[in-house]
file work_32.pdb (PDB, C-alpha atoms and all ligand atoms)
MODEL        1
ATOM      1  CA  MET L   1     111.637 114.887  73.082  1.00  0.00           C
ATOM      2  CA  PRO L   2     109.263 113.212  75.555  1.00  0.00           C
ATOM      3  CA  ARG L   3     109.545 114.233  79.205  1.00  0.00           C
ATOM      4  CA  LYS L   4     112.639 113.602  81.315  1.00  0.00           C
ATOM      5  CA  LYS L   5     111.429 115.189  84.488  1.00  0.00           C
ATOM      6  CA  LYS L   6     109.971 114.154  87.795  1.00  0.00           C
ATOM      7  CA  PRO L   7     106.936 111.960  87.114  1.00  0.00           C
ATOM      8  CA  THR L   8     103.576 113.318  88.257  1.00  0.00           C
ATOM      9  CA  ALA L   9     100.453 111.473  89.356  1.00  0.00           C
ATOM     10  CA  ALA L  10      98.774 112.655  86.135  1.00  0.00           C
ATOM     11  CA  TYR L  11     101.563 111.119  84.034  1.00  0.00           C
ATOM     12  CA  ALA L  12     101.287 107.887  86.011  1.00  0.00           C
ATOM     13  CA  ALA L  13      97.496 107.874  85.577  1.00  0.00           C
ATOM     14  CA  GLU L  14      97.787 108.302  81.815  1.00  0.00           C
ATOM     15  CA  ILE L  15     100.188 105.367  81.622  1.00  0.00           C
ATOM     16  CA  TYR L  16      97.942 103.239  83.827  1.00  0.00           C
ATOM     17  CA  ASP L  17      94.829 103.997  81.765  1.00  0.00           C
ATOM     18  CA  ARG L  18      96.542 103.088  78.514  1.00  0.00           C
ATOM     19  CA  LEU L  19      97.949  99.873  79.961  1.00  0.00           C
ATOM     20  CA  VAL L  20      94.501  98.839  81.222  1.00  0.00           C
ATOM     21  CA  GLU L  21      93.016  99.618  77.828  1.00  0.00           C
ATOM     22  CA  HIS L  22      95.610  97.492  76.011  1.00  0.00           C
ATOM     23  CA  TYR L  23      95.824  94.636  78.499  1.00  0.00           C
ATOM     24  CA  PRO L  24      92.266  94.249  79.834  1.00  0.00           C
ATOM     25  CA  ASP L  25      92.937  90.631  80.827  1.00  0.00           C
ATOM     26  CA  ALA L  26      96.203  91.174  82.701  1.00  0.00           C
ATOM     27  CA  HIS L  27      96.268  88.925  85.731  1.00  0.00           C
ATOM     28  CA  CYS L  28      98.485  86.670  87.831  1.00  0.00           C
ATOM     29  CA  ALA L  29      99.931  84.083  85.437  1.00  0.00           C
ATOM     30  CA  LEU L  30     100.416  81.447  88.137  1.00  0.00           C
ATOM     31  CA  ASP L  31      97.641  78.839  88.449  1.00  0.00           C
ATOM     32  CA  PHE L  32      96.183  78.469  91.950  1.00  0.00           C
ATOM     33  CA  ASN L  33      92.974  77.818  93.835  1.00  0.00           C
ATOM     34  CA  SER L  34      93.904  78.924  97.341  1.00  0.00           C
ATOM     35  CA  PRO L  35      96.350  81.221  99.166  1.00  0.00           C
ATOM     36  CA  PHE L  36      98.421  78.137 100.066  1.00  0.00           C
ATOM     37  CA  GLN L  37      98.694  77.091  96.422  1.00  0.00           C
ATOM     38  CA  LEU L  38      99.646  80.604  95.339  1.00  0.00           C
ATOM     39  CA  LEU L  39     102.309  80.829  98.025  1.00  0.00           C
ATOM     40  CA  VAL L  40     103.796  77.507  96.900  1.00  0.00           C
ATOM     41  CA  ALA L  41     103.688  78.561  93.230  1.00  0.00           C
ATOM     42  CA  THR L  42     105.285  81.925  93.993  1.00  0.00           C
ATOM     43  CA  ILE L  43     108.144  80.314  95.913  1.00  0.00           C
ATOM     44  CA  LEU L  44     108.710  78.016  92.927  1.00  0.00           C
ATOM     45  CA  SER L  45     108.619  80.921  90.473  1.00  0.00           C
ATOM     46  CA  ALA L  46     111.943  82.389  91.669  1.00  0.00           C
ATOM     47  CA  GLN L  47     114.359  82.270  88.716  1.00  0.00           C
ATOM     48  CA  CYS L  48     111.773  80.262  86.758  1.00  0.00           C
ATOM     49  CA  THR L  49     109.005  81.008  84.260  1.00  0.00           C
ATOM     50  CA  ASP L  50     105.381  80.979  85.364  1.00  0.00           C
ATOM     51  CA  LYS L  51     104.691  78.536  82.552  1.00  0.00           C
ATOM     52  CA  ARG L  52     107.167  76.014  83.927  1.00  0.00           C
ATOM     53  CA  VAL L  53     105.753  76.432  87.453  1.00  0.00           C
ATOM     54  CA  ASN L  54     102.249  75.773  86.121  1.00  0.00           C
ATOM     55  CA  MET L  55     103.468  72.505  84.650  1.00  0.00           C
ATOM     56  CA  VAL L  56     104.803  71.352  88.001  1.00  0.00           C
ATOM     57  CA  THR L  57     102.115  72.487  90.440  1.00  0.00           C
ATOM     58  CA  PRO L  58      99.103  70.315  89.473  1.00  0.00           C
ATOM     59  CA  ALA L  59     100.815  67.112  90.670  1.00  0.00           C
ATOM     60  CA  LEU L  60     102.213  68.924  93.697  1.00  0.00           C
ATOM     61  CA  PHE L  61      98.832  70.319  94.754  1.00  0.00           C
ATOM     62  CA  LYS L  62      97.229  66.918  94.246  1.00  0.00           C
ATOM     63  CA  LYS L  63      99.755  65.204  96.470  1.00  0.00           C
ATOM     64  CA  TYR L  64     100.068  67.884  99.156  1.00  0.00           C
ATOM     65  CA  LYS L  65      96.646  69.362  99.740  1.00  0.00           C
ATOM     66  CA  THR L  66      97.427  71.273 102.936  1.00  0.00           C
ATOM     67  CA  PRO L  67     100.420  72.931 104.596  1.00  0.00           C
ATOM     68  CA  LYS L  68     100.431  70.115 107.152  1.00  0.00           C
ATOM     69  CA  ALA L  69     100.626  67.471 104.421  1.00  0.00           C
ATOM     70  CA  MET L  70     103.473  69.314 102.718  1.00  0.00           C
ATOM     71  CA  SER L  71     105.326  69.886 105.983  1.00  0.00           C
ATOM     72  CA  VAL L  72     105.829  66.138 106.456  1.00  0.00           C
ATOM     73  CA  ALA L  73     106.792  65.437 102.847  1.00  0.00           C
ATOM     74  CA  LYS L  74     109.997  63.527 102.237  1.00  0.00           C
ATOM     75  CA  PRO L  75     112.551  66.110 101.043  1.00  0.00           C
ATOM     76  CA  GLU L  76     113.778  63.782  98.259  1.00  0.00           C
ATOM     77  CA  GLU L  77     110.259  63.364  96.909  1.00  0.00           C
ATOM     78  CA  LEU L  78     109.572  67.080  96.958  1.00  0.00           C
ATOM     79  CA  GLU L  79     112.927  67.799  95.318  1.00  0.00           C
ATOM     80  CA  GLU L  80     112.150  65.389  92.518  1.00  0.00           C
ATOM     81  CA  MET L  81     108.748  66.913  91.880  1.00  0.00           C
ATOM     82  CA  ILE L  82     110.034  70.478  91.643  1.00  0.00           C
ATOM     83  CA  ARG L  83     113.456  69.776  90.131  1.00  0.00           C
ATOM     84  CA  SER L  84     112.625  71.339  86.751  1.00  0.00           C
ATOM     85  CA  THR L  85     111.945  74.754  88.334  1.00  0.00           C
ATOM     86  CA  GLY L  86     115.628  75.100  89.272  1.00  0.00           C
ATOM     87  CA  PHE L  87     117.243  75.771  92.658  1.00  0.00           C
ATOM     88  CA  PHE L  88     115.161  72.811  93.785  1.00  0.00           C
ATOM     89  CA  ARG L  89     117.078  72.066  96.994  1.00  0.00           C
ATOM     90  CA  ASN L  90     116.640  75.579  98.346  1.00  0.00           C
ATOM     91  CA  LYS L  91     113.045  75.710  97.179  1.00  0.00           C
ATOM     92  CA  THR L  92     112.350  72.386  98.907  1.00  0.00           C
ATOM     93  CA  LYS L  93     113.753  73.795 102.149  1.00  0.00           C
ATOM     94  CA  SER L  94     111.556  76.872 101.757  1.00  0.00           C
ATOM     95  CA  LEU L  95     108.419  74.811 101.047  1.00  0.00           C
ATOM     96  CA  LEU L  96     109.031  72.509 104.018  1.00  0.00           C
ATOM     97  CA  GLY L  97     109.852  75.393 106.358  1.00  0.00           C
ATOM     98  CA  MET L  98     106.975  77.559 105.162  1.00  0.00           C
ATOM     99  CA  SER L  99     104.379  74.805 105.352  1.00  0.00           C
ATOM    100  CA  ALA L 100     105.536  73.699 108.823  1.00  0.00           C
ATOM    101  CA  ALA L 101     105.382  77.277 110.104  1.00  0.00           C
ATOM    102  CA  VAL L 102     101.915  77.820 108.618  1.00  0.00           C
ATOM    103  CA  ALA L 103     100.664  74.536 110.113  1.00  0.00           C
ATOM    104  CA  GLU L 104     102.152  75.226 113.540  1.00  0.00           C
ATOM    105  CA  ARG L 105     101.795  78.981 113.945  1.00  0.00           C
ATOM    106  CA  HIS L 106      98.741  79.805 111.839  1.00  0.00           C
ATOM    107  CA  GLY L 107      96.489  76.764 112.131  1.00  0.00           C
ATOM    108  CA  GLY L 108      97.121  75.810 108.510  1.00  0.00           C
ATOM    109  CA  GLU L 109      95.860  79.145 107.133  1.00  0.00           C
ATOM    110  CA  ILE L 110      98.118  81.395 105.071  1.00  0.00           C
ATOM    111  CA  PRO L 111      98.348  84.693 106.985  1.00  0.00           C
ATOM    112  CA  ASP L 112      96.907  87.832 105.394  1.00  0.00           C
ATOM    113  CA  GLU L 113      99.253  90.305 107.086  1.00  0.00           C
ATOM    114  CA  MET L 114     102.600  91.376 105.638  1.00  0.00           C
ATOM    115  CA  ASP L 115     104.367  91.110 109.009  1.00  0.00           C
ATOM    116  CA  ASP L 116     103.279  87.497 109.452  1.00  0.00           C
ATOM    117  CA  LEU L 117     104.007  86.469 105.878  1.00  0.00           C
ATOM    118  CA  VAL L 118     107.570  87.749 105.767  1.00  0.00           C
ATOM    119  CA  LYS L 119     108.370  85.766 108.916  1.00  0.00           C
ATOM    120  CA  LEU L 120     107.685  82.509 107.060  1.00  0.00           C
ATOM    121  CA  PRO L 121     110.763  80.677 105.753  1.00  0.00           C
ATOM    122  CA  GLY L 122     111.473  81.474 102.105  1.00  0.00           C
ATOM    123  CA  VAL L 123     108.993  84.358 101.988  1.00  0.00           C
ATOM    124  CA  GLY L 124     110.201  87.894 101.264  1.00  0.00           C
ATOM    125  CA  ARG L 125     108.264  91.076 100.645  1.00  0.00           C
ATOM    126  CA  LYS L 126     107.827  90.372  96.940  1.00  0.00           C
ATOM    127  CA  THR L 127     106.338  86.924  97.519  1.00  0.00           C
ATOM    128  CA  ALA L 128     104.157  88.297 100.318  1.00  0.00           C
ATOM    129  CA  ASN L 129     102.878  91.040  98.001  1.00  0.00           C
ATOM    130  CA  VAL L 130     101.921  88.454  95.376  1.00  0.00           C
ATOM    131  CA  VAL L 131      99.900  86.463  97.918  1.00  0.00           C
ATOM    132  CA  LEU L 132      98.302  89.482  99.585  1.00  0.00           C
ATOM    133  CA  GLY L 133      97.305  91.092  96.300  1.00  0.00           C
ATOM    134  CA  ASN L 134      96.171  88.056  94.348  1.00  0.00           C
ATOM    135  CA  ALA L 135      94.896  85.584  96.939  1.00  0.00           C
ATOM    136  CA  HIS L 136      93.773  87.852  99.785  1.00  0.00           C
ATOM    137  CA  GLY L 137      92.683  90.853  97.714  1.00  0.00           C
ATOM    138  CA  LYS L 138      94.816  93.262  99.753  1.00  0.00           C
ATOM    139  CA  ASN L 139      96.899  96.009  98.155  1.00  0.00           C
ATOM    140  CA  GLU L 140      99.820  96.194 100.571  1.00  0.00           C
ATOM    141  CA  GLY L 141     102.502  96.949  98.006  1.00  0.00           C
ATOM    142  CA  VAL L 142     103.624  96.590  94.401  1.00  0.00           C
ATOM    143  CA  VAL L 143     105.311  93.413  93.199  1.00  0.00           C
ATOM    144  CA  VAL L 144     108.613  94.475  91.642  1.00  0.00           C
ATOM    145  CA  ASP L 145     110.143  91.839  89.389  1.00  0.00           C
ATOM    146  CA  THR L 146     112.536  92.166  86.477  1.00  0.00           C
ATOM    147  CA  HIS L 147     109.805  93.371  84.067  1.00  0.00           C
ATOM    148  CA  VAL L 148     108.423  95.939  86.513  1.00  0.00           C
ATOM    149  CA  THR L 149     111.940  97.188  87.227  1.00  0.00           C
ATOM    150  CA  ARG L 150     112.743  97.619  83.540  1.00  0.00           C
ATOM    151  CA  VAL L 151     109.432  99.112  82.378  1.00  0.00           C
ATOM    152  CA  ALA L 152     109.099 101.517  85.318  1.00  0.00           C
ATOM    153  CA  GLY L 153     112.682 102.655  84.795  1.00  0.00           C
ATOM    154  CA  ARG L 154     112.298 103.212  81.066  1.00  0.00           C
ATOM    155  CA  LEU L 155     109.093 105.149  81.607  1.00  0.00           C
ATOM    156  CA  GLY L 156     110.912 107.416  84.052  1.00  0.00           C
ATOM    157  CA  LEU L 157     108.683 106.406  86.968  1.00  0.00           C
ATOM    158  CA  THR L 158     111.724 105.667  89.106  1.00  0.00           C
ATOM    159  CA  ASP L 159     115.445 106.400  89.130  1.00  0.00           C
ATOM    160  CA  ASN L 160     116.159 103.591  91.539  1.00  0.00           C
ATOM    161  CA  ALA L 161     117.598 100.169  90.826  1.00  0.00           C
ATOM    162  CA  ASP L 162     116.743  98.628  94.177  1.00  0.00           C
ATOM    163  CA  ALA L 163     113.391  96.788  94.253  1.00  0.00           C
ATOM    164  CA  VAL L 164     112.337  98.157  97.637  1.00  0.00           C
ATOM    165  CA  LYS L 165     112.975 101.745  96.519  1.00  0.00           C
ATOM    166  CA  ILE L 166     111.255 101.172  93.160  1.00  0.00           C
ATOM    167  CA  GLU L 167     108.248  99.855  95.034  1.00  0.00           C
ATOM    168  CA  GLN L 168     108.169 102.959  97.226  1.00  0.00           C
ATOM    169  CA  ASP L 169     108.349 105.221  94.156  1.00  0.00           C
ATOM    170  CA  LEU L 170     105.465 103.392  92.480  1.00  0.00           C
ATOM    171  CA  MET L 171     103.363 103.387  95.649  1.00  0.00           C
ATOM    172  CA  LYS L 172     103.658 107.170  95.794  1.00  0.00           C
ATOM    173  CA  LEU L 173     102.620 107.625  92.157  1.00  0.00           C
ATOM    174  CA  PHE L 174      99.723 105.177  91.816  1.00  0.00           C
ATOM    175  CA  PRO L 175      96.558 104.883  93.923  1.00  0.00           C
ATOM    176  CA  ARG L 176      96.611 101.985  96.364  1.00  0.00           C
ATOM    177  CA  ASP L 177      93.664 100.255  94.699  1.00  0.00           C
ATOM    178  CA  ASN L 178      95.748  99.858  91.538  1.00  0.00           C
ATOM    179  CA  TRP L 179      98.920  98.386  93.035  1.00  0.00           C
ATOM    180  CA  THR L 180      98.263  94.701  92.367  1.00  0.00           C
ATOM    181  CA  LEU L 181      97.031  95.168  88.813  1.00  0.00           C
ATOM    182  CA  LEU L 182      99.847  97.621  88.081  1.00  0.00           C
ATOM    183  CA  SER L 183     102.428  94.836  88.381  1.00  0.00           C
ATOM    184  CA  HIS L 184     100.477  92.571  86.034  1.00  0.00           C
ATOM    185  CA  LEU L 185     100.180  95.400  83.516  1.00  0.00           C
ATOM    186  CA  PHE L 186     103.902  96.184  83.584  1.00  0.00           C
ATOM    187  CA  ILE L 187     104.753  92.489  83.319  1.00  0.00           C
ATOM    188  CA  GLU L 188     102.438  92.108  80.326  1.00  0.00           C
ATOM    189  CA  HIS L 189     103.924  95.196  78.671  1.00  0.00           C
ATOM    190  CA  GLY L 190     107.434  93.957  79.376  1.00  0.00           C
ATOM    191  CA  ARG L 191     106.645  90.580  77.834  1.00  0.00           C
ATOM    192  CA  GLN L 192     104.777  91.845  74.789  1.00  0.00           C
ATOM    193  CA  ILE L 193     106.408  95.148  73.842  1.00  0.00           C
ATOM    194  CA  CYS L 194     109.018  96.588  76.184  1.00  0.00           C
ATOM    195  CA  ASP L 195     111.409  93.687  75.742  1.00  0.00           C
ATOM    196  CA  ALA L 196     114.677  93.740  77.700  1.00  0.00           C
ATOM    197  CA  ARG L 197     116.939  93.663  74.659  1.00  0.00           C
ATOM    198  CA  ARG L 198     114.687  94.813  71.841  1.00  0.00           C
ATOM    199  CA  PRO L 199     111.901  97.104  72.989  1.00  0.00           C
ATOM    200  CA  LYS L 200     109.346  97.549  70.203  1.00  0.00           C
ATOM    201  CA  CYS L 201     109.099 101.299  70.642  1.00  0.00           C
ATOM    202  CA  GLU L 202     107.725 101.837  67.142  1.00  0.00           C
ATOM    203  CA  GLU L 203     104.578  99.863  68.020  1.00  0.00           C
ATOM    204  CA  CYS L 204     104.364 100.941  71.661  1.00  0.00           C
ATOM    205  CA  PHE L 205     101.227 102.860  72.654  1.00  0.00           C
ATOM    206  CA  LEU L 206     103.278 104.787  75.219  1.00  0.00           C
ATOM    207  CA  ASN L 207     105.976 106.002  72.847  1.00  0.00           C
ATOM    208  CA  ASP L 208     104.728 109.603  72.802  1.00  0.00           C
ATOM    209  CA  LEU L 209     105.182 109.780  76.595  1.00  0.00           C
ATOM    210  CA  CYS L 210     108.160 107.564  77.247  1.00  0.00           C
ATOM    211  CA  PRO L 211     111.532 109.258  77.872  1.00  0.00           C
ATOM    212  CA  SER L 212     113.302 106.106  76.665  1.00  0.00           C
ATOM    213  CA  SER L 213     111.392 105.794  73.409  1.00  0.00           C
ATOM    214  CA  ARG L 214     113.509 105.185  70.340  1.00  0.00           C
ATOM    215  CA  VAL L 215     110.778 106.778  68.239  1.00  0.00           C
ATOM    216  CA  VAL L 216     110.678 110.527  67.716  1.00  0.00           C
ATOM    217  CA  SER L 217     107.087 111.523  68.401  1.00  0.00           C
ATOM    218  CA  SER L 218     105.374 114.386  66.610  1.00  0.00           C
ATOM    219  CA  ARG L 219     103.238 114.897  69.743  1.00  0.00           C
ATOM    220  CA  ALA L 220     106.192 115.288  72.108  1.00  0.00           C
TER
HETATM  221  S1  LIG K   1     108.441 103.470  74.162  1.00  0.00           S
HETATM  222 FE1  LIG K   1     109.936 101.815  74.088  1.00  0.00          FE
HETATM  223  S2  LIG K   1     111.106 101.965  75.996  1.00  0.00           S
HETATM  224 FE2  LIG K   1     109.226 103.179  76.240  1.00  0.00          FE
HETATM  225  S3  LIG K   1     107.749 101.777  77.202  1.00  0.00           S
HETATM  226 FE3  LIG K   1     107.442 101.650  75.001  1.00  0.00          FE
HETATM  227  S4  LIG K   1     108.716  99.947  74.320  1.00  0.00           S
HETATM  228 FE4  LIG K   1     109.408 100.531  76.376  1.00  0.00          FE
ENDMDL
END

call {"tool": "encode", "arguments": {"input": "work_32.pdb", "output": "structure tokens"}}
result
Amino acid sequence: MPRKKKPTAAYAAEIYDRLVEHYPDAHCALDFNSPFQLLVATILSAQCTDKRVNMVTPALFKKYKTPKAMSVAKPEELEEMIRSTGFFRNKTKSLLGMSAAVAERHGGEIPDEMDDLVKLPGVGRKTANVVLGNAHGKNEGVVVDTHVTRVAGRLGLTDNADAVKIEQDLMKLFPRDNWTLLSHLFIEHGRQICDARRPKCEECFLNDLCPSSRVVSSRA
């Protein structure tokens, strides 16, 4: 049987190397050209696919080019533009509140510090991590979404179910420089192979290591 013991840094490194080898193009799937655009897209991505968000954002970014412009948008217009992403009333409130706060408190620039980001309306640690890692190039934490939660759990990298605790576990196991890419790699693996309902363990390149593998490995 593959390991079911406390994960080591060496185990984590082996997983990371294989993921990088198999998903050399893993990257943020949201389309953006600035920290402001990524923050907007990330807020919209809650309970919604990245693909759907990418269908909505071009018109949004064209109409609202700056936080100031978005902060004075008519709520009904914004709601209509983002309706298809779901939870559009709450998301509209977040976009209006966030853009007003950025315009007023940060001179229209999206902050590059975690403490400042999480004080913006509608922005939690996960959203802040996305922006810091992908728009500001800062590895402050690991983005933990549903794919990261599932894949990390199945690989025995964490015993926790809570996103904040999972993030802490992953931060201890992986070097800081790898934190942003790590999320993209797990998300890619979750989408392509380690499916929620039907993980394709038989074709998984981690099946000789994974404690949740449904394949009996001759190397284990
Ligand atoms: S072996 Fe199966 S459970 Fe483990 S990571 Fe691969 S697909 Fe997921």

call {"tool": "closest_residue", "arguments": {"input": "work_32.pdb", "among": "L:Ile110, L:Ala12, L:Leu182, L:Ala69", "to": "L:Leu39", "atoms": "only C-alpha atoms"}}
result
L:Ile110

call {"tool": "residues_near_ligand", "arguments": {"input": "work_32.pdb", "ligand": "ligand LIG 1 (chain K)", "cutoff": "12 Å", "atoms": "only C-alpha atoms and all ligand atoms", "output": "compact mmCIF listing (two decimals) with C-alpha atoms, in the coordinates of the input"}}
result
# COMPACT_ATOMS: atom_id res chain seq x y z
CA MET L 1 111.64 114.89 73.08
CA PRO L 2 109.26 113.21 75.56
CA ARG L 3 109.54 114.23 79.20
CA ILE L 15 100.19 105.37 81.62
CA TYR L 16 97.94 103.24 83.83
CA ARG L 18 96.54 103.09 78.51
CA LEU L 19 97.95 99.87 79.96
CA HIS L 147 109.80 93.37 84.07
CA VAL L 148 108.42 95.94 86.51
CA THR L 149 111.94 97.19 87.23
CA ARG L 150 112.74 97.62 83.54
CA VAL L 151 109.43 99.11 82.38
CA ALA L 152 109.10 101.52 85.32
CA GLY L 153 112.68 102.66 84.80
CA ARG L 154 112.30 103.21 81.07
CA LEU L 155 109.09 105.15 81.61
CA GLY L 156 110.91 107.42 84.05
CA LEU L 157 108.68 106.41 86.97
CA LEU L 185 100.18 95.40 83.52
CA PHE L 186 103.90 96.18 83.58
CA ILE L 187 104.75 92.49 83.32
CA GLU L 188 102.44 92.11 80.33
CA HIS L 189 103.92 95.20 78.67
CA GLY L 190 107.43 93.96 79.38
CA ARG L 191 106.64 90.58 77.83
CA GLN L 192 104.78 91.84 74.79
CA ILE L 193 106.41 95.15 73.84
CA CYS L 194 109.02 96.59 76.18
CA ASP L 195 111.41 93.69 75.74
CA ALA L 196 114.68 93.74 77.70
CA ARG L 197 116.94 93.66 74.66
CA ARG L 198 114.69 94.81 71.84
CA PRO L 199 111.90 97.10 72.99
CA LYS L 200 109.35 97.55 70.20
CA CYS L 201 109.10 101.30 70.64
CA GLU L 202 107.72 101.84 67.14
CA GLU L 203 104.58 99.86 68.02
CA CYS L 204 104.36 100.94 71.66
CA PHE L 205 101.23 102.86 72.65
CA LEU L 206 103.28 104.79 75.22
CA ASN L 207 105.98 106.00 72.85
CA ASP L 208 104.73 109.60 72.80
CA LEU L 209 105.18 109.78 76.60
CA CYS L 210 108.16 107.56 77.25
CA PRO L 211 111.53 109.26 77.87
CA SER L 212 113.30 106.11 76.67
CA SER L 213 111.39 105.79 73.41
CA ARG L 214 113.51 105.18 70.34
CA VAL L 215 110.78 106.78 68.24
CA VAL L 216 110.68 110.53 67.72
CA SER L 217 107.09 111.52 68.40

call {"tool": "atom_distance", "arguments": {"input": "work_32.pdb", "atom1": "atom CA of L:Cys28", "atom2": "atom CA of L:Met114"}}
result
18.9 Å

call {"tool": "closest_residue", "arguments": {"input": "work_32.pdb", "among": "L:Ile166, L:Leu78, L:Ala101, L:Val143", "to": "L:Leu181", "atoms": "only C-alpha atoms"}}
result
L:Val143

call {"tool": "residues_around", "arguments": {"input": "work_32.pdb", "residues": "stretch 84-96 of chain L", "least_positions_apart": "6", "cutoff": "7 Å", "atoms": "all atoms listed in the file", "output": "MDAnalysis selection string"}}
result
chainID L and resid 40 43:44 48 52:53 70:71 75 78 121:122

call {"tool": "write_last_selection", "arguments": {"input": "work_32.pdb", "atoms": "C-alpha atoms", "output": "PDB file, in the frame of the given file"}}
result
ATOM      1  CA  VAL L  40     103.796  77.507  96.900  1.00  0.00           C
ATOM      2  CA  ILE L  43     108.144  80.314  95.913  1.00  0.00           C
ATOM      3  CA  LEU L  44     108.710  78.016  92.927  1.00  0.00           C
ATOM      4  CA  CYS L  48     111.773  80.262  86.758  1.00  0.00           C
ATOM      5  CA  ARG L  52     107.167  76.014  83.927  1.00  0.00           C
ATOM      6  CA  VAL L  53     105.753  76.432  87.453  1.00  0.00           C
ATOM      7  CA  MET L  70     103.473  69.314 102.718  1.00  0.00           C
ATOM      8  CA  SER L  71     105.326  69.886 105.983  1.00  0.00           C
ATOM      9  CA  PRO L  75     112.551  66.110 101.043  1.00  0.00           C
ATOM     10  CA  LEU L  78     109.572  67.080  96.958  1.00  0.00           C
ATOM     11  CA  PRO L 121     110.763  80.677 105.753  1.00  0.00           C
ATOM     12  CA  GLY L 122     111.473  81.474 102.105  1.00  0.00           C
TER      13      GLY L 122
END

call {"tool": "atom_distance", "arguments": {"input": "work_32.pdb", "atom1": "atom CA of L:Gln47", "atom2": "atom CA of L:Gly137"}}
result
25.0 Å

call {"tool": "closest_residue", "arguments": {"input": "work_32.pdb", "among": "L:Gln168, L:Gly124, L:Ser34, L:Glu80", "to": "L:Lys65", "atoms": "only C-alpha atoms"}}
result
L:Ser34

call {"tool": "resolve_selection", "arguments": {"input": "work_32.pdb", "expression": "the PyMOL selection byres (((chain L and resi 41) around 10) and not hetatm)", "output": "ChimeraX atom specification"}}
result
/L:30-32,35-40,42-46,50,53-54,56-57,60-61,95,127,131

call {"tool": "decode", "arguments": {"input": "work_32.pdb", "residues": "stretch 153-164 of chain L", "atoms": "N, CA, C and O atoms", "output": "PDB file, in the first residue's frame"}}
result
ATOM      1  N   GLY L 153      -6.008  16.614   0.084  1.00  0.00           N
ATOM      2  CA  GLY L 153      -6.515  15.632   1.048  1.00  0.00           C
ATOM      3  C   GLY L 153      -6.271  14.210   0.576  1.00  0.00           C
ATOM      4  O   GLY L 153      -5.784  13.367   1.323  1.00  0.00           O
ATOM      5  N   ARG L 154      -6.578  13.946  -0.680  1.00  0.00           N
ATOM      6  CA  ARG L 154      -6.382  12.582  -1.198  1.00  0.00           C
ATOM      7  C   ARG L 154      -4.910  12.184  -1.199  1.00  0.00           C
ATOM      8  O   ARG L 154      -4.573  11.020  -0.992  1.00  0.00           O
ATOM      9  N   LEU L 155      -4.051  13.156  -1.451  1.00  0.00           N
ATOM     10  CA  LEU L 155      -2.616  12.845  -1.462  1.00  0.00           C
ATOM     11  C   LEU L 155      -2.026  12.762  -0.054  1.00  0.00           C
ATOM     12  O   LEU L 155      -0.836  12.498   0.102  1.00  0.00           O
ATOM     13  N   GLY L 156      -2.856  12.981   0.942  1.00  0.00           N
ATOM     14  CA  GLY L 156      -2.383  12.869   2.329  1.00  0.00           C
ATOM     15  C   GLY L 156      -1.511  14.023   2.752  1.00  0.00           C
ATOM     16  O   GLY L 156      -0.728  13.906   3.704  1.00  0.00           O
ATOM     17  N   LEU L 157      -1.642  15.179   2.071  1.00  0.00           N
ATOM     18  CA  LEU L 157      -0.822  16.339   2.419  1.00  0.00           C
ATOM     19  C   LEU L 157      -1.448  17.137   3.555  1.00  0.00           C
ATOM     20  O   LEU L 157      -0.814  18.014   4.132  1.00  0.00           O
ATOM     21  N   THR L 158      -2.690  16.834   3.851  1.00  0.00           N
ATOM     22  CA  THR L 158      -3.384  17.484   4.966  1.00  0.00           C
ATOM     23  C   THR L 158      -4.492  16.573   5.483  1.00  0.00           C
ATOM     24  O   THR L 158      -5.041  15.779   4.712  1.00  0.00           O
ATOM     25  N   ASP L 159      -4.765  16.696   6.775  1.00  0.00           N
ATOM     26  CA  ASP L 159      -5.897  15.969   7.370  1.00  0.00           C
ATOM     27  C   ASP L 159      -7.042  16.921   7.639  1.00  0.00           C
ATOM     28  O   ASP L 159      -8.075  16.527   8.164  1.00  0.00           O
ATOM     29  N   ASN L 160      -6.823  18.185   7.321  1.00  0.00           N
ATOM     30  CA  ASN L 160      -7.807  19.202   7.684  1.00  0.00           C
ATOM     31  C   ASN L 160      -8.844  19.416   6.588  1.00  0.00           C
ATOM     32  O   ASN L 160      -8.585  19.163   5.411  1.00  0.00           O
ATOM     33  N   ALA L 161     -10.006  19.893   7.017  1.00  0.00           N
ATOM     34  CA  ALA L 161     -11.077  20.188   6.063  1.00  0.00           C
ATOM     35  C   ALA L 161     -11.237  21.701   5.915  1.00  0.00           C
ATOM     36  O   ALA L 161     -11.824  22.180   4.949  1.00  0.00           O
ATOM     37  N   ASP L 162     -10.724  22.434   6.863  1.00  0.00           N
ATOM     38  CA  ASP L 162     -10.862  23.883   6.858  1.00  0.00           C
ATOM     39  C   ASP L 162      -9.784  24.526   5.968  1.00  0.00           C
ATOM     40  O   ASP L 162      -8.591  24.200   6.082  1.00  0.00           O
ATOM     41  N   ALA L 163     -10.208  25.428   5.080  1.00  0.00           N
ATOM     42  CA  ALA L 163      -9.286  25.999   4.088  1.00  0.00           C
ATOM     43  C   ALA L 163      -8.072  26.691   4.715  1.00  0.00           C
ATOM     44  O   ALA L 163      -6.953  26.562   4.217  1.00  0.00           O
ATOM     45  N   VAL L 164      -8.295  27.394   5.811  1.00  0.00           N
ATOM     46  CA  VAL L 164      -7.181  28.112   6.441  1.00  0.00           C
ATOM     47  C   VAL L 164      -6.146  27.121   6.972  1.00  0.00           C
ATOM     48  O   VAL L 164      -4.930  27.307   6.813  1.00  0.00           O
TER      49      VAL L 164
END
